[in-house]
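**Student:** Structure file input01.txt, compact mmCIF, C-alpha atoms, is pasted below:
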```
# COMPACT_ATOMS: atom_id res chain seq x y z
CA MET F 61 -25.42 8.99 -10.87
CA SER F 62 -26.07 10.08 -7.35
CA VAL F 63 -23.19 11.71 -5.50
CA GLN F 64 -22.98 12.92 -1.91
CA PHE F 65 -20.48 15.34 -0.48
CA GLU F 66 -20.20 18.26 1.89
CA VAL F 67 -20.16 21.85 0.62
CA ASN F 68 -19.38 24.69 3.00
CA GLY F 69 -20.34 22.53 5.98
CA LYS F 70 -23.62 21.27 4.51
CA ASN F 71 -24.25 17.74 3.23
CA VAL F 72 -25.61 17.66 -0.29
CA GLU F 73 -26.78 14.91 -2.59
CA VAL F 74 -27.00 15.58 -6.30
CA GLU F 75 -27.95 13.56 -9.34
CA VAL F 76 -25.36 14.16 -12.04
CA GLU F 77 -24.08 12.82 -15.34
CA PRO F 78 -20.57 11.36 -14.94
CA ARG F 79 -19.23 13.94 -17.38
CA LEU F 80 -20.30 16.89 -15.22
CA THR F 81 -17.34 18.74 -13.77
CA LEU F 82 -17.33 19.68 -10.12
CA ALA F 83 -17.33 23.35 -11.21
CA ASP F 84 -20.54 22.97 -13.21
CA CYS F 85 -22.09 20.88 -10.46
CA LEU F 86 -21.43 23.63 -7.92
CA ARG F 87 -22.73 26.36 -10.21
CA HIS F 88 -25.68 24.74 -11.97
CA HIS F 89 -26.94 22.13 -9.53
CA LEU F 90 -26.07 23.77 -6.24
CA ARG F 91 -26.39 27.38 -7.40
CA LEU F 92 -23.05 28.30 -5.88
CA THR F 93 -22.12 30.70 -8.65
CA GLY F 94 -19.23 32.24 -6.75
CA THR F 95 -16.98 29.64 -8.35
CA HIS F 96 -16.15 31.02 -11.78
CA VAL F 97 -15.40 29.01 -14.89
CA GLY F 98 -12.92 30.67 -17.21
CA CYS F 99 -11.00 28.38 -19.53
CA GLU F 100 -12.62 25.02 -18.66
CA HIS F 101 -9.34 23.18 -19.17
CA GLY F 102 -7.23 23.84 -16.13
CA VAL F 103 -5.23 26.90 -17.14
CA CYS F 104 -6.85 29.98 -15.60
CA GLY F 105 -7.46 28.95 -11.98
CA ALA F 106 -10.74 30.93 -11.65
CA CYS F 107 -12.62 27.75 -10.63
CA THR F 108 -10.32 26.89 -7.72
CA VAL F 109 -12.16 25.37 -4.74
CA ILE F 110 -10.87 23.65 -1.63
CA VAL F 111 -11.29 19.85 -1.60
CA ASP F 112 -10.37 18.12 1.65
CA GLY F 113 -8.17 21.07 2.54
CA ALA F 114 -6.31 21.32 -0.78
CA ALA F 115 -6.75 23.94 -3.50
CA VAL F 116 -8.04 22.14 -6.59
CA ARG F 117 -9.28 23.15 -10.04
CA SER F 118 -12.94 22.23 -10.04
CA CYS F 119 -13.04 22.17 -13.87
CA LEU F 120 -10.50 19.31 -13.81
CA MET F 121 -12.42 17.20 -11.34
CA LEU F 122 -15.62 15.32 -12.02
CA ALA F 123 -18.50 15.83 -9.62
CA VAL F 124 -18.68 12.05 -9.18
CA GLN F 125 -15.07 12.09 -7.95
CA ALA F 126 -16.12 14.34 -5.08
CA GLU F 127 -18.06 11.52 -3.38
CA GLY F 128 -17.46 11.81 0.36
CA ALA F 129 -15.26 14.91 0.05
CA GLU F 130 -15.41 18.11 2.06
CA ILE F 131 -15.56 21.05 -0.29
CA VAL F 132 -15.24 24.72 0.49
CA THR F 133 -16.08 27.30 -2.16
CA VAL F 134 -15.53 31.04 -2.10
CA GLU F 135 -19.01 31.37 -0.54
CA GLY F 136 -17.74 29.33 2.40
CA LEU F 137 -14.91 31.78 2.96
CA SER F 138 -17.12 34.82 3.50
CA ASN F 139 -19.36 35.62 6.40
CA ASP F 140 -22.65 37.43 6.24
CA ASP F 141 -21.91 40.35 8.53
CA ASP F 142 -18.57 41.70 7.49
CA LEU F 143 -15.75 41.14 5.07
CA THR F 144 -13.14 38.60 6.16
CA PRO F 145 -9.57 39.84 6.71
CA LEU F 146 -8.54 38.39 3.32
CA GLN F 147 -11.46 40.11 1.58
CA LYS F 148 -10.72 43.37 3.40
CA SER F 149 -7.13 43.17 2.28
CA PHE F 150 -8.18 42.63 -1.34
CA ARG F 151 -10.37 45.74 -1.11
CA LYS F 152 -7.71 47.82 0.63
CA HIS F 153 -5.10 47.00 -2.01
CA HIS F 154 -7.43 47.20 -5.03
CA ALA F 155 -6.57 43.58 -5.73
CA LEU F 156 -9.43 43.21 -8.19
CA GLN F 157 -10.98 45.11 -11.02
CA CYS F 158 -13.49 43.04 -13.00
CA GLY F 159 -13.52 40.41 -10.26
CA PHE F 160 -13.74 37.36 -12.50
CA CYS F 161 -10.54 35.75 -11.21
CA THR F 162 -11.14 36.81 -7.60
CA PRO F 163 -12.90 33.65 -6.30
CA GLY F 164 -9.93 31.55 -7.45
CA MET F 165 -7.47 34.04 -5.97
CA ILE F 166 -9.30 34.04 -2.62
CA THR F 167 -9.62 30.25 -2.34
CA THR F 168 -6.01 29.69 -3.38
CA ALA F 169 -4.65 32.42 -1.10
CA HIS F 170 -6.75 31.13 1.81
CA VAL F 171 -5.21 27.65 1.59
CA LEU F 172 -1.73 29.08 1.16
CA LEU F 173 -2.05 31.40 4.16
CA SER F 174 -3.65 28.70 6.31
CA GLU F 175 -0.75 26.33 5.60
CA GLU F 176 2.07 28.84 5.30
CA PRO F 177 1.24 32.04 7.20
CA ASP F 178 4.90 33.07 6.96
CA CYS F 179 5.14 32.79 3.18
CA ASP F 180 7.11 35.52 1.42
CA ALA F 181 6.33 37.44 -1.76
CA ALA F 182 8.20 34.93 -3.93
CA ARG F 183 6.13 32.06 -2.56
CA VAL F 184 2.88 34.00 -3.04
CA ARG F 185 3.86 34.66 -6.66
CA GLU F 186 4.78 31.03 -7.21
CA VAL F 187 1.46 29.79 -5.84
CA LEU F 188 -0.64 32.39 -7.65
CA SER F 189 1.16 31.68 -10.94
CA GLY F 190 -1.63 29.17 -11.53
CA ASN F 191 -4.29 31.90 -11.39
CA LEU F 192 -4.64 34.28 -14.32
CA CYS F 193 -5.76 37.89 -13.83
CA ARG F 194 -6.19 40.07 -16.90
CA CYS F 195 -6.81 43.35 -15.05
CA THR F 196 -4.52 44.02 -12.14
CA GLY F 197 -1.04 43.04 -13.24
CA TYR F 198 -0.85 40.95 -10.04
CA ILE F 199 1.14 43.43 -7.94
CA SER F 200 -1.88 44.52 -5.92
CA ILE F 201 -2.99 40.90 -5.48
CA VAL F 202 0.38 39.85 -4.11
CA GLU F 203 0.36 42.85 -1.75
CA ALA F 204 -3.15 41.99 -0.55
CA VAL F 205 -2.19 38.39 0.19
CA LEU F 206 0.97 39.45 2.02
CA ASP F 207 -0.96 41.99 4.05
CA ALA F 208 -3.55 39.38 5.06
CA ARG F 209 -0.89 37.10 6.58
CA SER F 210 -1.29 38.63 10.03
CA ALA F 211 -4.87 37.32 10.20
CA TYR F 212 -3.52 33.80 9.68
CA GLY F 213 -0.91 33.91 12.44
CA HIS F 214 2.05 35.44 10.64
CA LYS F 215 4.71 36.66 13.05
CA ASP F 216 4.55 40.44 12.83
CA ASP F 217 6.76 42.60 10.65
CA ALA F 218 8.37 44.30 13.66
CA GLY F 219 9.46 40.82 14.78
CA ASP F 220 10.92 40.16 11.32
CA ARG F 221 12.92 43.35 11.44
CA ALA F 222 14.14 42.67 14.97
CA ARG F 223 15.36 39.23 13.91
CA GLU F 224 17.12 40.67 10.88
CA ARG F 225 18.98 43.19 13.04
CA ARG F 226 20.31 40.47 15.30
CA MET L 1319 -15.84 22.95 -23.80
CA LYS L 1320 -18.03 20.52 -21.88
CA LEU L 1321 -16.81 16.95 -21.63
CA PRO L 1322 -18.19 14.28 -23.98
CA PRO L 1323 -20.51 11.72 -22.38
CA PHE L 1324 -18.98 8.64 -20.77
CA ASP L 1325 -19.80 6.09 -18.10
CA TYR L 1326 -17.93 6.07 -14.82
CA ALA L 1327 -16.79 3.33 -12.48
CA CYS L 1328 -14.83 3.55 -9.26
CA PRO L 1329 -13.54 0.06 -8.45
CA THR L 1330 -12.04 -0.79 -5.07
CA THR L 1331 -9.62 -3.50 -6.22
CA LEU L 1332 -7.00 -3.70 -8.95
CA PRO L 1333 -8.43 -6.91 -10.55
CA GLU L 1334 -11.83 -5.22 -10.73
CA ALA L 1335 -10.29 -2.17 -12.42
CA ILE L 1336 -8.45 -4.34 -14.97
CA GLU L 1337 -11.63 -6.28 -15.71
CA LEU L 1338 -13.51 -3.03 -16.34
CA LEU L 1339 -10.79 -1.77 -18.69
CA ALA L 1340 -10.59 -5.09 -20.51
CA SER L 1341 -14.32 -5.57 -20.98
CA HIS L 1342 -15.12 -2.19 -22.53
CA ASP L 1343 -14.05 -0.73 -25.84
CA ASP L 1344 -12.31 2.61 -25.33
CA ALA L 1345 -12.32 2.48 -21.56
CA LYS L 1346 -9.71 4.70 -19.97
CA ALA L 1347 -8.23 4.85 -16.49
CA ILE L 1348 -8.38 8.19 -14.69
CA ALA L 1349 -5.89 8.93 -11.91
CA GLY L 1350 -5.59 12.63 -10.99
CA GLY L 1351 -7.28 13.69 -14.21
CA GLN L 1352 -5.08 16.76 -14.66
CA SER L 1353 -4.12 15.78 -18.23
CA LEU L 1354 -7.04 13.55 -19.12
CA VAL L 1355 -9.82 16.00 -18.24
CA PRO L 1356 -8.38 18.74 -20.52
CA MET L 1357 -8.10 16.06 -23.24
CA LEU L 1358 -11.79 15.32 -22.71
CA ALA L 1359 -12.65 19.03 -22.71
CA PHE L 1360 -10.92 19.42 -26.08
CA ARG L 1361 -12.60 16.18 -27.24
CA LEU L 1362 -9.19 14.77 -28.04
CA ALA L 1363 -10.26 11.76 -25.99
CA GLN L 1364 -13.79 10.35 -26.02
CA PRO L 1365 -13.70 7.20 -23.92
CA SER L 1366 -16.86 5.15 -23.37
CA LEU L 1367 -15.96 4.51 -19.74
CA LEU L 1368 -13.70 6.15 -17.19
CA VAL L 1369 -12.27 3.82 -14.55
CA ASP L 1370 -11.32 5.92 -11.53
CA LEU L 1371 -8.27 4.59 -9.68
CA ARG L 1372 -8.71 6.76 -6.60
CA LYS L 1373 -9.87 3.94 -4.30
CA LEU L 1374 -6.90 1.68 -5.08
CA ALA L 1375 -4.91 2.28 -1.91
CA ASP L 1376 -2.12 -0.08 -3.07
CA LEU L 1377 -1.13 2.45 -5.72
CA ARG L 1378 -0.26 5.10 -3.15
CA GLY L 1379 2.89 5.54 -1.18
CA ILE L 1380 6.58 6.23 -1.73
CA ARG L 1381 8.91 3.39 -0.75
CA ILE L 1382 12.62 3.94 -0.29
CA SER L 1383 14.99 0.99 0.05
CA ASP L 1384 18.52 -0.08 -0.93
CA ALA L 1385 17.12 -0.90 -4.35
CA GLY L 1386 15.99 2.67 -4.91
CA VAL L 1387 12.83 4.75 -4.86
CA THR L 1388 9.47 3.22 -5.72
CA LEU L 1389 6.66 5.63 -6.49
CA GLY L 1390 3.12 4.27 -6.40
CA ALA L 1391 1.23 5.29 -9.54
CA MET L 1392 -1.24 7.36 -7.51
CA VAL L 1393 1.48 9.36 -5.73
CA ARG L 1394 0.70 13.02 -6.28
CA TRP L 1395 3.26 15.75 -7.03
CA ARG L 1396 2.52 17.22 -3.65
CA ASP L 1397 3.49 13.94 -1.93
CA ILE L 1398 6.93 14.10 -3.58
CA GLU L 1399 7.29 17.77 -2.70
CA GLU L 1400 6.56 17.03 0.96
CA ASP L 1401 8.69 13.87 1.33
CA GLU L 1402 11.93 15.01 2.95
CA ARG L 1403 13.58 11.59 2.53
CA LEU L 1404 13.80 12.26 -1.20
CA GLU L 1405 16.26 15.12 -0.63
CA THR L 1406 18.92 12.44 -0.32
CA ALA L 1407 17.15 9.38 -1.74
CA HIS L 1408 16.57 11.05 -5.11
CA PRO L 1409 17.45 14.75 -5.30
CA LEU L 1410 17.13 14.81 -9.11
CA LEU L 1411 13.53 13.60 -8.92
CA LYS L 1412 12.74 16.17 -6.28
CA ALA L 1413 14.28 19.01 -8.30
CA ALA L 1414 12.50 18.01 -11.51
CA ILE L 1415 9.12 17.63 -9.82
CA SER L 1416 9.37 21.18 -8.44
CA HIS L 1417 8.80 22.31 -12.06
CA VAL L 1418 5.60 20.30 -12.60
CA ALA L 1419 2.56 22.48 -13.19
CA HIS L 1420 0.94 24.88 -10.76
CA TYR L 1421 -0.17 24.70 -7.11
CA GLN L 1422 -3.71 23.41 -7.67
CA ILE L 1423 -2.66 20.83 -10.25
CA ARG L 1424 0.14 19.59 -8.00
CA ASN L 1425 -2.49 18.68 -5.41
CA ARG L 1426 -4.20 16.30 -7.85
CA GLY L 1427 -1.80 15.22 -10.59
CA THR L 1428 -0.15 11.81 -10.25
CA VAL L 1429 3.11 10.16 -11.23
CA GLY L 1430 1.36 7.27 -12.99
CA GLY L 1431 -0.99 9.59 -14.82
CA SER L 1432 1.90 11.65 -16.17
CA ILE L 1433 3.79 8.54 -17.30
CA ALA L 1434 0.70 7.11 -19.00
CA HIS L 1435 -0.10 10.44 -20.66
CA ALA L 1436 3.48 10.67 -22.02
CA ASP L 1437 3.62 14.34 -22.90
CA PRO L 1438 7.03 14.86 -24.54
CA ALA L 1439 7.59 18.04 -22.51
CA ALA L 1440 6.60 16.60 -19.12
CA GLU L 1441 9.16 16.18 -16.35
CA MET L 1442 8.22 12.76 -14.95
CA PRO L 1443 8.63 10.85 -18.23
CA GLY L 1444 11.93 12.70 -18.64
CA ILE L 1445 13.15 11.55 -15.23
CA ALA L 1446 11.98 8.00 -15.94
CA MET L 1447 14.02 7.98 -19.18
CA THR L 1448 17.09 9.64 -17.69
CA CYS L 1449 17.19 7.33 -14.67
CA ASP L 1450 16.45 3.99 -16.43
CA ALA L 1451 13.19 3.64 -14.51
CA GLU L 1452 11.19 0.46 -14.54
CA ILE L 1453 7.48 0.89 -15.04
CA ALA L 1454 5.50 -1.89 -13.37
CA VAL L 1455 2.13 -2.58 -14.98
CA VAL L 1456 -0.67 -5.05 -14.39
CA GLY L 1457 -3.18 -6.17 -17.00
CA LYS L 1458 -5.37 -9.03 -18.05
CA SER L 1459 -2.34 -11.20 -18.80
CA GLY L 1460 -0.69 -10.49 -15.45
CA ALA L 1461 2.03 -8.24 -14.11
CA HIS L 1462 5.14 -7.21 -16.00
CA VAL L 1463 7.81 -4.56 -16.05
CA ILE L 1464 8.51 -2.21 -18.94
CA GLN L 1465 11.81 -0.33 -19.20
CA ALA L 1466 11.31 3.42 -19.63
CA ALA L 1467 13.29 3.28 -22.89
CA ASP L 1468 10.70 0.87 -24.33
CA PHE L 1469 7.71 2.53 -22.75
CA PHE L 1470 7.61 5.93 -24.48
CA GLN L 1471 6.88 5.41 -28.16
CA GLY L 1472 5.89 8.87 -29.33
CA ALA L 1473 3.88 11.91 -28.32
CA LEU L 1474 1.10 10.68 -26.00
CA THR L 1475 1.88 7.13 -27.15
CA THR L 1476 3.15 4.37 -24.87
CA ALA L 1477 3.63 0.61 -24.68
CA LEU L 1478 0.65 0.36 -22.32
CA THR L 1479 -2.16 -1.81 -23.69
CA THR L 1480 -5.78 -0.81 -23.13
CA ASP L 1481 -6.35 -3.23 -20.24
CA GLU L 1482 -3.13 -2.34 -18.41
CA ILE L 1483 -2.71 -0.09 -15.38
CA ILE L 1484 0.59 1.33 -14.17
CA VAL L 1485 1.06 0.30 -10.55
CA GLU L 1486 4.46 1.76 -9.75
CA ILE L 1487 7.56 3.43 -11.09
CA ARG L 1488 10.90 2.18 -9.79
CA LEU L 1489 13.94 4.43 -9.87
CA PRO L 1490 17.30 2.69 -9.27
CA ALA L 1491 19.18 3.55 -6.08
CA TRP L 1492 20.88 6.93 -5.92
CA PRO L 1493 24.40 6.72 -4.44
CA ALA L 1494 25.57 9.43 -2.07
CA GLY L 1495 27.99 11.79 -3.78
CA ARG L 1496 26.44 11.46 -7.22
CA ARG L 1497 26.64 14.71 -9.18
CA TRP L 1498 23.42 15.92 -10.78
CA GLY L 1499 21.64 18.90 -12.26
CA PHE L 1500 18.20 19.78 -13.56
CA GLN L 1501 17.46 22.85 -15.64
CA GLU L 1502 14.23 23.83 -17.30
CA PHE L 1503 13.09 26.79 -19.35
CA ALA L 1504 9.42 27.73 -19.55
CA ARG L 1505 7.87 31.17 -19.99
CA ARG L 1506 6.18 30.83 -16.60
CA ARG L 1507 7.36 28.45 -13.92
CA GLY L 1508 4.93 25.53 -13.91
CA ASP L 1509 4.12 25.71 -17.60
CA PHE L 1510 5.29 22.94 -19.90
CA ALA L 1511 9.00 23.06 -20.59
CA MET L 1512 10.17 24.62 -23.83
CA ALA L 1513 13.19 22.50 -23.09
CA ALA L 1514 14.69 20.92 -19.99
CA ALA L 1515 17.69 18.78 -19.18
CA ALA L 1516 18.30 16.24 -16.41
CA VAL L 1517 21.88 15.06 -15.94
CA PHE L 1518 23.83 12.98 -13.46
CA TYR L 1519 27.17 11.23 -13.28
CA ASP L 1520 29.34 9.41 -10.76
CA GLN L 1521 33.07 9.98 -10.37
CA ASP L 1522 36.00 7.58 -10.41
CA GLU L 1523 39.03 7.84 -8.06
CA ARG L 1524 40.61 10.44 -10.34
CA GLY L 1525 37.49 12.61 -10.27
CA LYS L 1526 36.56 11.77 -13.88
CA ALA L 1527 32.93 11.30 -14.80
CA ARG L 1528 31.54 7.84 -15.27
CA ASN L 1529 28.03 6.45 -15.67
CA ALA L 1530 26.88 9.78 -17.17
CA HIS L 1531 23.17 10.07 -17.92
CA VAL L 1532 21.78 12.95 -19.96
CA GLY L 1533 18.07 13.26 -20.62
CA VAL L 1534 16.12 16.05 -22.31
CA ILE L 1535 12.44 16.91 -22.75
CA GLY L 1536 10.52 19.28 -24.99
CA VAL L 1537 12.70 18.72 -28.06
CA GLY L 1538 11.22 15.59 -29.62
CA ASP L 1539 8.12 13.43 -29.75
CA ARG L 1540 9.14 11.74 -26.49
CA PRO L 1541 11.64 12.20 -23.66
CA LEU L 1542 15.14 11.48 -24.94
CA ARG L 1543 18.39 10.03 -23.60
CA LEU L 1544 21.37 11.52 -25.38
CA THR L 1545 23.97 8.73 -25.46
CA ALA L 1546 26.26 10.74 -27.74
CA VAL L 1547 26.55 13.39 -25.05
CA GLU L 1548 26.98 10.77 -22.32
CA ASP L 1549 29.87 9.14 -24.25
CA LEU L 1550 31.57 12.49 -24.49
CA LEU L 1551 31.32 13.03 -20.71
CA ASN L 1552 32.42 9.59 -19.51
CA GLY L 1553 36.10 9.54 -18.58
CA GLU L 1554 36.41 13.32 -18.63
CA SER L 1555 36.66 16.01 -16.00
CA ILE L 1556 33.45 18.01 -16.08
CA ASP L 1557 35.12 21.35 -16.62
CA GLU L 1558 34.27 24.34 -18.78
CA ALA L 1559 35.71 22.83 -21.96
CA THR L 1560 33.89 19.51 -21.56
CA ILE L 1561 30.64 21.29 -20.75
CA ALA L 1562 30.96 23.46 -23.88
CA LYS L 1563 31.40 20.30 -25.97
CA ALA L 1564 28.34 18.76 -24.31
CA ASP L 1565 26.30 21.88 -25.11
CA ALA L 1566 27.20 21.66 -28.81
CA ALA L 1567 26.72 17.88 -28.92
CA THR L 1568 23.26 18.22 -27.36
CA SER L 1569 22.12 20.71 -29.96
CA ALA L 1570 23.47 18.43 -32.70
CA ALA L 1571 21.73 15.35 -31.28
CA VAL L 1572 18.13 16.61 -31.26
CA GLU L 1573 15.61 17.24 -34.03
CA PRO L 1574 13.00 19.58 -32.56
CA GLN L 1575 10.06 20.84 -34.60
CA ASP L 1576 8.76 24.37 -35.06
CA ASP L 1577 5.59 25.03 -33.11
CA ILE L 1578 3.65 28.02 -31.78
CA HIS L 1579 5.80 28.19 -28.65
CA ALA L 1580 9.25 28.24 -30.25
CA SER L 1581 11.10 27.64 -33.48
CA ALA L 1582 13.11 24.48 -33.99
CA ALA L 1583 16.32 26.51 -34.10
CA TYR L 1584 15.53 28.18 -30.80
CA ARG L 1585 14.72 24.91 -29.05
CA ARG L 1586 17.89 23.32 -30.43
CA SER L 1587 19.97 26.12 -28.98
CA LEU L 1588 17.97 26.25 -25.75
CA VAL L 1589 18.32 22.58 -24.94
CA GLY L 1590 22.10 22.84 -25.32
CA THR L 1591 22.07 25.70 -22.85
CA MET L 1592 19.95 23.64 -20.44
CA VAL L 1593 22.48 20.79 -20.56
CA GLU L 1594 25.32 23.28 -20.13
CA ARG L 1595 23.68 24.80 -17.05
CA ALA L 1596 22.70 21.43 -15.58
CA LEU L 1597 26.28 20.17 -15.91
CA THR L 1598 27.66 23.40 -14.51
CA SER L 1599 25.50 23.07 -11.40
CA ALA L 1600 26.35 19.35 -11.14
CA ALA L 1601 30.08 20.09 -11.25
CA ALA L 1602 29.78 22.93 -8.74
CA ALA L 1603 28.01 20.80 -6.12
```
Mind turning the file's structure into structure tokens?
**Tutor:**
Amino acid sequence: MSVQFEVNGKNVEVEVEPRLTLADCLRHHLRLTGTHVGCEHGVCGACTVIVDGAAVRSCLMLAVQAEGAEIVTVEGLSNDDDLTPLQKSFRKHHALQCGFCTPGMITTAHVLLSEEPDCDAARVREVLSGNLCRCTGYISIVEAVLDARSAYGHKDDAGDRARERR
Amino acid sequence: MKLPPFDYACPTTLPEAIELLASHDDAKAIAGGQSLVPMLAFRLAQPSLLVDLRKLADLRGIRISDAGVTLGAMVRWRDIEEDERLETAHPLLKAAISHVAHYQIRNRGTVGGSIAHADPAAEMPGIAMTCDAEIAVVGKSGAHVIQAADFFQGALTTALTTDEIIVEIRLPAWPAGRRWGFQEFARRRGDFAMAAAAVFYDQDERGKARNAHVGVIGVGDRPLRLTAVEDLLNGESIDEATIAKADAATSAAVEPQDDIHASAAYRRSLVGTMVERALTSAAAA
């Protein structure tokens, strides 16, 4: 079947079997290997991509279901020249070791921070509970996401403290 | 594992979708796919054709009226989470749905898909059972309504025939002042419940419980209503002594099985505790 959608701002048309997942379509047909496939049944979150603005597990979606959708992968969240604020924060806080889960962490955190720049640590933990990391123990990941909030319009910490004092 | 081969169709009308389901052996409807695709990946399901319901706009939308809350089959968990009207129109639904799966799955998973999948530990079938929901379906022979109590027939087994599609789930009206509680235990929030309890009751002029409903999930082959526990609550004040009796009666009323997640004895004890906590929070409201 032929399917057309947009990936990272570019229109693509691919010929796929109906059984092909969006994850495998991105990796094998479009060579966007930043999206990682861990468990292939919707548990690990490594394959998270952004479909029409929402974080979605690309192993639980068929490529044919993406017809007409706007998809952003982890490649679409980086820029060529420099690390993005979210990437910088992950590096600063050592929020990755082997890096396998990182694409899913970045895509998920990006949607969360875009929608809820004022999220607290509990909310970050709740949202990232759908992404497994076997290296870090999560603490550094949560810190990295919290630290990146300022780049998404979070009111600054000094403001938080001032409000608490009042 | 990779999915088994199947054909795919994406009809734009309900009659077209029903025709596709009826005219193929082993055709299966796909809504959000958050249960079905893992089933395909494990090869537990090998349909010849998947009929995607995503273009059926009539199946979307949450309607709230004097008759209650009607959830279109294609309503996603996220839609419920974001609908502020439900805070008063159906707070029990809203509380239960906050336990369904993780962030990414909540963006795709649907009410109708969960009901049709009928996992015995899933929240939505539990709420449907607890609240006497009506499940409206359409098939080759026309439209009809199935009571939740008749719908769930076993683990992953329902009254739905192969050519039928769930169109909506109707929850009876929720009166203001109704007492309710929802408690779930899972190792990680968002994972399937080891056990959970949904309870509600109204109160008569003397403050005694009436119309008590007690539903549990994760402790049988389907979501359960515990009438023995309800009988014990009706006409009583929901105080510490009554709640302790309900805890014991709950454990006595269920027959959970041992599995890799928990022993039968543990689940039996746990579900009593869930009912105890749900009633405690209901009474404290």
**Student:** How many Å separate CA of His1420 (chain L) from CA of Gly190 (chain F)?
**Tutor:**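 If I compute the distance from CA of His1420 (chain L) to CA of Gly190 (chain F), I get 5.1 Å.
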**Student:** Leaving out region 111-116 of chain F and any residue of its chain fewer than 3 positions from it, which residues lie within 6 Å of it when counting only C-alpha atoms, given as an MDAnalysis selection string?
**Tutor:** (chainID F and resid 108 130:131 168) or (chainID L and resid 1422)
**Student:** Closest to Gly1351 (chain L) among L:Gly1431, L:Gly1508, L:Pro1365, L:Pro1409, using only C-alpha atoms?
**Tutor:**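 Selected residue with least distance to Gly1351 (chain L): L:Gly1431.
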**Student:** Between CA of Arg185 (chain F) and CA of Ile1415 (chain L), what distance in Å does the model show, to one decimal?
**Tutor:** 18.1 Å
**Student:** Write down, as number ranges by chain, each residue of chain L that has any atom within 9 Å of an atom of chain F, counting all atoms listed in the file.
**Tutor:** L: 1319-1326, 1328, 1350-1360, 1368, 1370, 1372, 1419-1426, 1506-1508
**Student:** Grab the residues selected above and save them as a compact mmCIF listing (two decimals), in the coordinates of the input with C-alpha atoms.
**Tutor:**
```txt
# COMPACT_ATOMS: atom_id res chain seq x y z
CA MET L 1319 -15.84 22.95 -23.80
CA LYS L 1320 -18.03 20.52 -21.88
CA LEU L 1321 -16.81 16.95 -21.63
CA PRO L 1322 -18.19 14.28 -23.98
CA PRO L 1323 -20.51 11.72 -22.38
CA PHE L 1324 -18.98 8.64 -20.77
CA ASP L 1325 -19.80 6.09 -18.10
CA TYR L 1326 -17.93 6.07 -14.82
CA CYS L 1328 -14.83 3.55 -9.26
CA GLY L 1350 -5.59 12.63 -10.99
CA GLY L 1351 -7.28 13.69 -14.21
CA GLN L 1352 -5.08 16.76 -14.66
CA SER L 1353 -4.12 15.78 -18.23
CA LEU L 1354 -7.04 13.55 -19.12
CA VAL L 1355 -9.82 16.00 -18.24
CA PRO L 1356 -8.38 18.74 -20.52
CA MET L 1357 -8.10 16.06 -23.24
CA LEU L 1358 -11.79 15.32 -22.71
CA ALA L 1359 -12.65 19.03 -22.71
CA PHE L 1360 -10.92 19.42 -26.08
CA LEU L 1368 -13.70 6.15 -17.19
CA ASP L 1370 -11.32 5.92 -11.53
CA ARG L 1372 -8.71 6.76 -6.60
CA ALA L 1419 2.56 22.48 -13.19
CA HIS L 1420 0.94 24.88 -10.76
CA TYR L 1421 -0.17 24.70 -7.11
CA GLN L 1422 -3.71 23.41 -7.67
CA ILE L 1423 -2.66 20.83 -10.25
CA ARG L 1424 0.14 19.59 -8.00
CA ASN L 1425 -2.49 18.68 -5.41
CA ARG L 1426 -4.20 16.30 -7.85
CA ARG L 1506 6.18 30.83 -16.60
CA ARG L 1507 7.36 28.45 -13.92
CA GLY L 1508 4.93 25.53 -13.91
```
**Student:** Which is closer to Arg1381 (chain L) than all the others in L:Gly1590, L:Pro1490, L:Pro1574, L:Gly1536, using all atoms listed in the file?
**Tutor:**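 Comparing L:Gly1590, L:Pro1490, L:Pro1574, L:Gly1536 against Arg1381 (chain L), the winner is L:Pro1490.
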**Student:** As an exercise, work out the distance from CA of Gly98 (chain F) to CA of Val1369 (chain L) in Å and give it to one decimal place.
**Tutor:**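 Separation of CA of Gly98 (chain F) and CA of Val1369 (chain L): 27.0 Å.
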**Student:** Identify, on the basis of all atoms listed in the file, every residue whose closest approach to His1579 (chain L) does not exceed 10 Å; exclude the query and any residue fewer than 6 positions from it along the same chain; express the result as a list of chain:residue names.
**Tutor:** L:Ala1504, L:Arg1505, L:Met1512, L:Arg1585
**Student:** Which polymer residues have any atom within 12 Å of an atom of Val184 (chain F), counting only C-alpha atoms, with same-chain residues fewer than 3 positions away left out, as an MDAnalysis selection string?
**Tutor:** (chainID F and resid 165 168:173 176:181 187:191 198:209) or (chainID L and resid 1421)
**Student:** May I have the protein, DNA and RNA residues with an atom at most 9 Å from (-8.9, 1.2, -16.8), counting all atoms listed in the file in the file's coordinates, returned as a PyMOL selection string?
**Tutor:** chain L and resi 1335-1340+1345-1348+1367-1371+1480-1483
**Student:** Mind writing the picked residues with C-alpha atoms as a compact mmCIF listing (two decimals), in the frame of the given file?
**Tutor:**
```
# COMPACT_ATOMS: atom_id res chain seq x y z
CA ALA L 1335 -10.29 -2.17 -12.42
CA ILE L 1336 -8.45 -4.34 -14.97
CA GLU L 1337 -11.63 -6.28 -15.71
CA LEU L 1338 -13.51 -3.03 -16.34
CA LEU L 1339 -10.79 -1.77 -18.69
CA ALA L 1340 -10.59 -5.09 -20.51
CA ALA L 1345 -12.32 2.48 -21.56
CA LYS L 1346 -9.71 4.70 -19.97
CA ALA L 1347 -8.23 4.85 -16.49
CA ILE L 1348 -8.38 8.19 -14.69
CA LEU L 1367 -15.96 4.51 -19.74
CA LEU L 1368 -13.70 6.15 -17.19
CA VAL L 1369 -12.27 3.82 -14.55
CA ASP L 1370 -11.32 5.92 -11.53
CA LEU L 1371 -8.27 4.59 -9.68
CA THR L 1480 -5.78 -0.81 -23.13
CA ASP L 1481 -6.35 -3.23 -20.24
CA GLU L 1482 -3.13 -2.34 -18.41
CA ILE L 1483 -2.71 -0.09 -15.38
```
